Amino acid sequence: MDKSKLSLELYKKVYLIRKSEETIIKYYMDDDMKTPVHLSVGEEAIAAGVCHATGKDDQIYGTYRNHGIYLARTGETDNFFGELYGKKTGMAKGKAGSMHMFCPECNFLGTSAIVATCIPLGLGGAFAKKYKKEKGLSFVFFGDGALEEGAFWESLNFACLHKLPIIFVCEDNGLAIHSHIKDRQSFKSITDIVSKFGCNVFKEKSTDPEVIHNLTLEAIKKQKENGKPCFMHLKYYRYLEHVGINQDFKFGYRSEDEFKKWLKVDPVNLQRKKLLKIGFSEKEIKKVETEIDKQIDKSVELAEKAPFPDCEEVLTDVYS
Ligand SMILES: Cc1ncc(C[n+]2csc(CCOP(=O)(O)OP(=O)(O)O)c2C)c(N)n1
Ligand SMILES: [Mg+2]
């Protein structure tokens with residue numbers, strides 16, 4: 001793909017994620033979306049950059065903070081908003097809500113509200129791929145909080161021991177709800193420890209989606225070369241409260257000044273400025289943005305009008 005096309009494609013992805021979540025914020029207080037929302041504003045470069053480097057054979061797993069992954073992987077918003085509104089048109093017929101987004105047709109196989117629980121699932125996916133000699137890798141997204149769970153260490157150990165085709169993507173915002181990483185972890189550098197397991201290690205603080213995209217391509221290449229799992233440690237700043245639509249600088253656990261510093265490298269603005277720099281006109285960019293805005297408005301309208309699932313649906317597609 002030529003460089004300018006890649007820049008545009010990545011901009012479309014970060015813009016789609018940002019605009020979709022801004023739309024959630026706009027309508028959330030109407031109380032028609034009956035689901036808690038863990039928004040990913042500030043984190044778009046990771047979802048877009050990593051997912052854009054994945055292919056159709058790659059499997060994806062994530063957490064409750066999964067809107068970015070869903071949107072980057074599928075590009076669709078009708079079933080996305082249908083799900084948030086709890087409607088029949090939702091990607092899980094309105095039964096999953098925001099915290100359990102997935103899309104089997106796109107190999108986005110699962111997300112979970114319980115910290116670290118998708119890591120062993122992604123591990124299983126990777127094991128099956130190796131066992132059945134199938135193409136593709138398993139990508140598992142999780143937060144820095146998951147590093148304090150046994151499930152992470154057991155999965156890492158097993159994956160490294162058996163050289164499984166898995167990419168661990170740690171999205172580190174330095175926070176687990178309101179707890180700082182330094183108050184939770186006795187180790188200073190997760191990448192140092194993980195490298196001792198024989199994992200290929202990559203780390204990045206950039207909020208530039210192209211940097212993350214290129215790093216992911218590098219990780220995929222390395223995994224193919226030596227067969228070892230990869231661990232990507234990616235930093236970002238969570239703009240909003242842990243769950244919900246508000247900023248929370250008044251709680252005292254973090255400062256607005258820190259937010260302002262990160263705002264200077266906002267992933268969506270960075271990518272937009274890059275497009276202008278490499279020759280796209282304001283008009284061309286606006287056209288792309290307007291198309292995405294229209295797509296989202298249409299999806300919200302459809303979701304609002306769509307019927308709720310029938311009562312009989314309560315016991316279908318569930319384990320009981
Ligand atoms: C096993 C488990 N313990 C505790 C919780 C409560 N909890 C929900 S989110 C969260 C913080 C997780 O932080 P992190 O993994 O860094 O993800 P982030 O929210 O920062 O994206 C906690 C402790 C949970 N859902 N699951
Ligand atoms: Mg975190």
# chains A, B, ... in the order shown; residues from 1 in each chain; ligands from 1

call {"tool": "residues_near_ligand", "arguments": {"ligand": "ligand 2", "cutoff": "9 Å", "atoms": "only C-alpha atoms and all ligand atoms", "output": "list in words"}}
result
Phe142, Gly143, Asp144, Gly145, Ala146, Glu171, Asp172, Asn173, Gly174, Leu175, Ala176, Ile177, Ser179, His180, Ile181, Arg238 and His242 of chain A

call {"tool": "select_by_dssp", "arguments": {"residues": "segment 66-308 of chain A", "states": "strand (DSSP E)", "output": "JSON, numbers by chain"}}
result
{"A": [108, 109, 110, 111, 112, 138, 139, 140, 141, 142, 143, 166, 167, 168, 169, 170, 171, 172, 175, 176, 179, 180, 200, 201, 202, 203, 204, 230, 231, 232, 233, 234, 235]}

call {"tool": "closest_residue", "arguments": {"among": "A:Glu241, A:Glu154, A:Glu313, A:Asp293", "to": "ligand 1", "atoms": "only C-alpha atoms and all ligand atoms"}}
result
A:Glu241

call {"tool": "residues_around", "arguments": {"residues": "Gly68 of chain A", "least_positions_apart": "2", "cutoff": "12 Å", "atoms": "only C-alpha atoms", "output": "MDAnalysis selection string"}}
result
chainID A and resid 13:21 38:52 62:66 70:77 80 98:99 101:102 108 141

call {"tool": "write_last_selection", "arguments": {"atoms": "N, CA and C atoms", "output": "CSV table (one decimal), in the first residue's frame"}}
result
chain,number,residue,atom,x,y,z
A,13,LYS,N,-9.9,5.2,10.2
A,13,LYS,CA,-10.1,4.3,11.4
A,13,LYS,C,-10.2,5.1,12.7
A,14,VAL,N,-9.2,5.9,12.9
A,14,VAL,CA,-9.2,6.6,14.2
A,14,VAL,C,-10.3,7.6,14.3
A,15,TYR,N,-10.7,8.2,13.1
A,15,TYR,CA,-11.8,9.1,13.1
A,15,TYR,C,-13.1,8.4,13.4
A,16,LEU,N,-13.3,7.2,12.8
A,16,LEU,CA,-14.5,6.4,13.0
A,16,LEU,C,-14.7,6.1,14.5
A,17,ILE,N,-13.6,5.7,15.1
A,17,ILE,CA,-13.6,5.3,16.6
A,17,ILE,C,-14.0,6.6,17.4
A,18,ARG,N,-13.2,7.7,17.2
A,18,ARG,CA,-13.5,8.9,18.0
A,18,ARG,C,-14.9,9.4,17.8
A,19,LYS,N,-15.3,9.4,16.6
A,19,LYS,CA,-16.7,10.0,16.3
A,19,LYS,C,-17.8,9.1,16.9
A,20,SER,N,-17.6,7.8,16.8
A,20,SER,CA,-18.6,6.8,17.3
A,20,SER,C,-18.7,7.0,18.8
A,21,GLU,N,-17.5,7.2,19.5
A,21,GLU,CA,-17.6,7.3,20.9
A,21,GLU,C,-18.1,8.7,21.3
A,38,HIS,N,-17.1,1.7,28.6
A,38,HIS,CA,-15.7,2.0,29.0
A,38,HIS,C,-15.1,2.5,27.7
A,39,LEU,N,-15.1,3.8,27.6
A,39,LEU,CA,-14.7,4.5,26.4
A,39,LEU,C,-13.2,4.5,26.2
A,40,SER,N,-12.8,4.5,24.9
A,40,SER,CA,-11.4,4.4,24.6
A,40,SER,C,-10.8,5.7,24.0
A,41,VAL,N,-11.5,6.8,24.3
A,41,VAL,CA,-11.0,8.1,23.8
A,41,VAL,C,-9.5,8.3,24.2
A,42,GLY,N,-8.6,8.6,23.3
A,42,GLY,CA,-7.2,8.7,23.6
A,42,GLY,C,-6.4,7.5,23.2
A,43,GLU,N,-7.1,6.4,23.0
A,43,GLU,CA,-6.4,5.1,22.8
A,43,GLU,C,-6.5,4.6,21.3
A,44,GLU,N,-7.1,5.5,20.5
A,44,GLU,CA,-7.5,5.1,19.1
A,44,GLU,C,-6.3,4.6,18.3
A,45,ALA,N,-5.1,5.1,18.5
A,45,ALA,CA,-4.0,4.8,17.7
A,45,ALA,C,-3.6,3.3,17.8
A,46,ILE,N,-3.9,2.7,19.0
A,46,ILE,CA,-3.5,1.3,19.3
A,46,ILE,C,-4.5,0.4,18.5
A,47,ALA,N,-5.8,0.7,18.7
A,47,ALA,CA,-6.8,-0.2,18.1
A,47,ALA,C,-6.6,-0.1,16.6
A,48,ALA,N,-6.5,1.1,16.0
A,48,ALA,CA,-6.4,1.3,14.6
A,48,ALA,C,-5.1,0.7,14.1
A,49,GLY,N,-4.0,1.1,14.7
A,49,GLY,CA,-2.7,0.7,14.2
A,49,GLY,C,-2.5,-0.8,14.2
A,50,VAL,N,-2.9,-1.4,15.3
A,50,VAL,CA,-2.7,-2.9,15.4
A,50,VAL,C,-3.6,-3.6,14.5
A,51,CYS,N,-4.9,-3.3,14.5
A,51,CYS,CA,-5.9,-4.0,13.7
A,51,CYS,C,-5.7,-3.8,12.2
A,52,HIS,N,-5.2,-2.7,11.8
A,52,HIS,CA,-5.0,-2.4,10.4
A,52,HIS,C,-3.8,-3.3,9.9
A,62,GLY,N,-10.3,-9.3,23.2
A,62,GLY,CA,-10.1,-8.1,23.9
A,62,GLY,C,-10.8,-8.0,25.2
A,63,THR,N,-10.9,-6.8,25.7
A,63,THR,CA,-11.5,-6.6,27.1
A,63,THR,C,-12.8,-5.8,26.9
A,64,TYR,N,-13.4,-5.4,28.0
A,64,TYR,CA,-14.6,-4.5,28.0
A,64,TYR,C,-14.3,-3.2,27.3
A,65,ARG,N,-13.0,-2.7,27.2
A,65,ARG,CA,-12.7,-1.5,26.5
A,65,ARG,C,-12.4,-1.8,25.1
A,66,ASN,N,-13.5,-2.2,24.4
A,66,ASN,CA,-13.2,-2.9,23.1
A,66,ASN,C,-13.8,-2.1,21.9
A,70,TYR,N,-13.4,-3.3,17.8
A,70,TYR,CA,-14.6,-3.7,17.0
A,70,TYR,C,-14.7,-2.8,15.8
A,71,LEU,N,-14.6,-1.5,15.9
A,71,LEU,CA,-14.8,-0.6,14.8
A,71,LEU,C,-13.6,-0.7,13.8
A,72,ALA,N,-12.4,-0.8,14.4
A,72,ALA,CA,-11.2,-0.9,13.5
A,72,ALA,C,-11.3,-2.2,12.7
A,73,ARG,N,-11.8,-3.2,13.3
A,73,ARG,CA,-11.8,-4.6,12.6
A,73,ARG,C,-12.9,-4.7,11.6
A,74,THR,N,-14.1,-4.2,12.0
A,74,THR,CA,-15.3,-4.4,11.2
A,74,THR,C,-15.6,-3.2,10.3
A,75,GLY,N,-15.3,-2.0,10.7
A,75,GLY,CA,-15.7,-0.8,9.9
A,75,GLY,C,-17.2,-0.5,9.9
A,76,GLU,N,-18.0,-1.3,10.6
A,76,GLU,CA,-19.4,-1.2,10.5
A,76,GLU,C,-20.0,-0.5,11.8
A,77,THR,N,-21.1,0.2,11.7
A,77,THR,CA,-21.7,0.8,12.9
A,77,THR,C,-23.1,0.4,13.1
A,80,PHE,N,-23.2,-2.3,15.7
A,80,PHE,CA,-22.5,-1.7,16.8
A,80,PHE,C,-23.5,-0.9,17.7
A,98,SER,N,-22.0,-3.3,25.6
A,98,SER,CA,-20.7,-2.7,25.2
A,98,SER,C,-19.5,-3.6,25.6
A,99,MET,N,-19.7,-4.3,26.7
A,99,MET,CA,-18.5,-5.0,27.3
A,99,MET,C,-18.2,-6.3,26.6
A,101,MET,N,-18.4,-7.0,23.1
A,101,MET,CA,-18.5,-6.9,21.6
A,101,MET,C,-17.6,-8.0,21.0
A,102,PHE,N,-18.1,-8.5,19.8
A,102,PHE,CA,-17.3,-9.5,19.1
A,102,PHE,C,-17.9,-9.6,17.7
A,108,PHE,N,-13.1,-11.7,15.1
A,108,PHE,CA,-12.9,-11.0,16.4
A,108,PHE,C,-13.7,-11.8,17.4
A,141,PHE,N,-5.7,-8.4,23.3
A,141,PHE,CA,-5.5,-7.0,23.9
A,141,PHE,C,-5.9,-7.1,25.3

call {"tool": "residues_around", "arguments": {"residues": "Gly279 of chain A", "least_positions_apart": "5", "cutoff": "12 Å", "atoms": "only C-alpha atoms", "output": "list in words"}}
result
Lys3, Ser4, Lys5, Ser7, Leu8, Arg272, Lys273, Lys274, Glu284 and Ile285 of chain A

call {"tool": "write_last_selection", "arguments": {"atoms": "N, CA and C atoms", "output": "CSV table (one decimal), in the first residue's frame"}}
result
chain,number,residue,atom,x,y,z
A,3,LYS,N,2.2,5.0,0.7
A,3,LYS,CA,2.2,5.6,2.1
A,3,LYS,C,1.0,6.6,2.3
A,4,SER,N,0.6,7.3,1.3
A,4,SER,CA,-0.4,8.3,1.5
A,4,SER,C,-1.8,7.5,1.7
A,5,LYS,N,-1.9,6.4,1.0
A,5,LYS,CA,-3.2,5.6,1.1
A,5,LYS,C,-3.2,5.1,2.5
A,7,SER,N,-1.9,6.3,5.2
A,7,SER,CA,-2.2,7.4,6.2
A,7,SER,C,-3.7,7.7,6.2
A,8,LEU,N,-4.3,7.7,5.0
A,8,LEU,CA,-5.7,8.0,4.9
A,8,LEU,C,-6.5,6.9,5.6
A,272,ARG,N,-4.6,13.7,11.4
A,272,ARG,CA,-5.2,14.7,10.5
A,272,ARG,C,-4.1,15.7,10.0
A,273,LYS,N,-3.3,16.1,11.0
A,273,LYS,CA,-2.2,17.1,10.6
A,273,LYS,C,-1.3,16.4,9.6
A,274,LYS,N,-1.0,15.1,9.8
A,274,LYS,CA,-0.1,14.4,8.9
A,274,LYS,C,-0.7,14.4,7.5
A,284,GLU,N,-10.7,17.5,1.0
A,284,GLU,CA,-10.7,16.0,0.8
A,284,GLU,C,-10.9,15.4,2.2
A,285,ILE,N,-10.2,15.9,3.2
A,285,ILE,CA,-10.4,15.3,4.6
A,285,ILE,C,-11.8,15.5,5.1

call {"tool": "atom_distance", "arguments": {"atom1": "atom CA of Gly110 of chain A", "atom2": "atom CA of Val211 of chain A"}}
result
26.0 Å

call {"tool": "residues_around", "arguments": {"residues": "Lys163 of chain A", "least_positions_apart": "3", "cutoff": "6 Å", "atoms": "only C-alpha atoms", "output": "PDB file with C-alpha atoms, in the first residue's frame"}}
result
ATOM      1  CA  ALA A 159       2.808 -19.576  24.910  1.00  0.00           C
ATOM      2  CA  CYS A 160       6.575 -19.084  25.194  1.00  0.00           C
ATOM      3  CA  GLY A 227       8.149 -18.721  15.883  1.00  0.00           C
ATOM      4  CA  LYS A 228       8.175 -17.084  19.313  1.00  0.00           C
TER       5      LYS A 228
END

call {"tool": "closest_residue", "arguments": {"among": "A:Leu84, A:Leu215, A:Ile69, A:Leu10", "to": "Phe308 of chain A", "atoms": "only C-alpha atoms"}}
result
A:Leu84

call {"tool": "residues_around", "arguments": {"residues": "Gly122 of chain A", "least_positions_apart": "5", "cutoff": "7 Å", "atoms": "only C-alpha atoms", "output": "PDB file with C-alpha atoms, in the first residue's frame"}}
result
ATOM      1  CA  TYR A  61      -9.593 -11.052  21.605  1.00  0.00           C
ATOM      2  CA  SER A 138      -3.936 -14.747  17.746  1.00  0.00           C
ATOM      3  CA  PHE A 139      -3.914 -11.114  18.964  1.00  0.00           C
ATOM      4  CA  VAL A 140      -4.941 -10.568  22.575  1.00  0.00           C
TER       5      VAL A 140
END

call {"tool": "residues_around", "arguments": {"residues": "segment 251-266 of chain A", "least_positions_apart": "5", "cutoff": "7 Å", "atoms": "only C-alpha atoms", "output": "PyMOL selection string"}}
result
chain A and resi 42+178+207+237+239

call {"tool": "write_last_selection", "arguments": {"atoms": "C-alpha atoms", "output": "PDB file, in the first residue's frame"}}
result
ATOM      1  CA  GLY A  42      -7.220   8.705  23.614  1.00  0.00           C
ATOM      2  CA  HIS A 178      -8.256   4.783  40.016  1.00  0.00           C
ATOM      3  CA  THR A 207       0.218   7.969  19.853  1.00  0.00           C
ATOM      4  CA  TYR A 237      -3.709   8.137  28.146  1.00  0.00           C
ATOM      5  CA  TYR A 239      -9.108  10.811  28.546  1.00  0.00           C
TER       6      TYR A 239
END

call {"tool": "atom_distance", "arguments": {"atom1": "atom CA of Ser186 of chain A", "atom2": "atom CA of Glu148 of chain A"}}
result
9.9 Å

call {"tool": "atom_distance", "arguments": {"atom1": "atom CA of Glu210 of chain A", "atom2": "atom CA of Val169 of chain A"}}
result
16.1 Å

call {"tool": "select_by_dssp", "arguments": {"residues": "segment 267-308 of chain A", "states": "alpha helix (DSSP H)", "output": "short mmCIF file (atom, residue, chain, number, x, y, z; two decimals) with C-alpha atoms, in the first residue's frame"}}
result
data_model
loop_
_atom_site.label_atom_id
_atom_site.label_comp_id
_atom_site.auth_asym_id
_atom_site.auth_seq_id
_atom_site.Cartn_x
_atom_site.Cartn_y
_atom_site.Cartn_z
CA PRO A 267 -3.91 10.48 17.96
CA VAL A 268 -6.76 11.78 15.80
CA ASN A 269 -5.29 15.30 15.51
CA LEU A 270 -1.82 13.92 14.84
CA GLN A 271 -3.05 11.84 11.94
CA ARG A 272 -5.18 14.67 10.53
CA LYS A 273 -2.22 17.06 10.59
CA LYS A 274 -0.13 14.40 8.87
CA LEU A 275 -2.65 14.14 6.03
CA LEU A 276 -2.48 17.90 5.47
CA LYS A 277 1.31 17.77 5.55
CA GLU A 282 -8.87 20.31 3.89
CA LYS A 283 -11.76 19.65 1.50
CA GLU A 284 -10.67 16.05 0.84
CA ILE A 285 -10.36 15.35 4.56
CA LYS A 286 -13.73 16.96 5.32
CA LYS A 287 -15.34 14.75 2.65
CA VAL A 288 -14.05 11.61 4.34
CA GLU A 289 -15.18 12.87 7.75
CA THR A 290 -18.66 13.77 6.48
CA GLU A 291 -19.13 10.28 5.03
CA ILE A 292 -18.25 8.71 8.39
CA ASP A 293 -20.49 11.21 10.25
CA LYS A 294 -23.39 10.25 7.98
CA GLN A 295 -22.73 6.53 8.45
CA ILE A 296 -22.87 6.96 12.23
CA ASP A 297 -25.99 9.17 12.20
CA LYS A 298 -27.76 6.61 10.04
CA SER A 299 -26.73 3.77 12.36
CA VAL A 300 -28.00 5.61 15.45
CA GLU A 301 -31.32 6.30 13.75
CA LEU A 302 -31.64 2.64 12.76
CA ALA A 303 -30.76 1.50 16.27
CA GLU A 304 -33.29 3.82 17.87
CA LYS A 305 -36.06 2.57 15.59
#
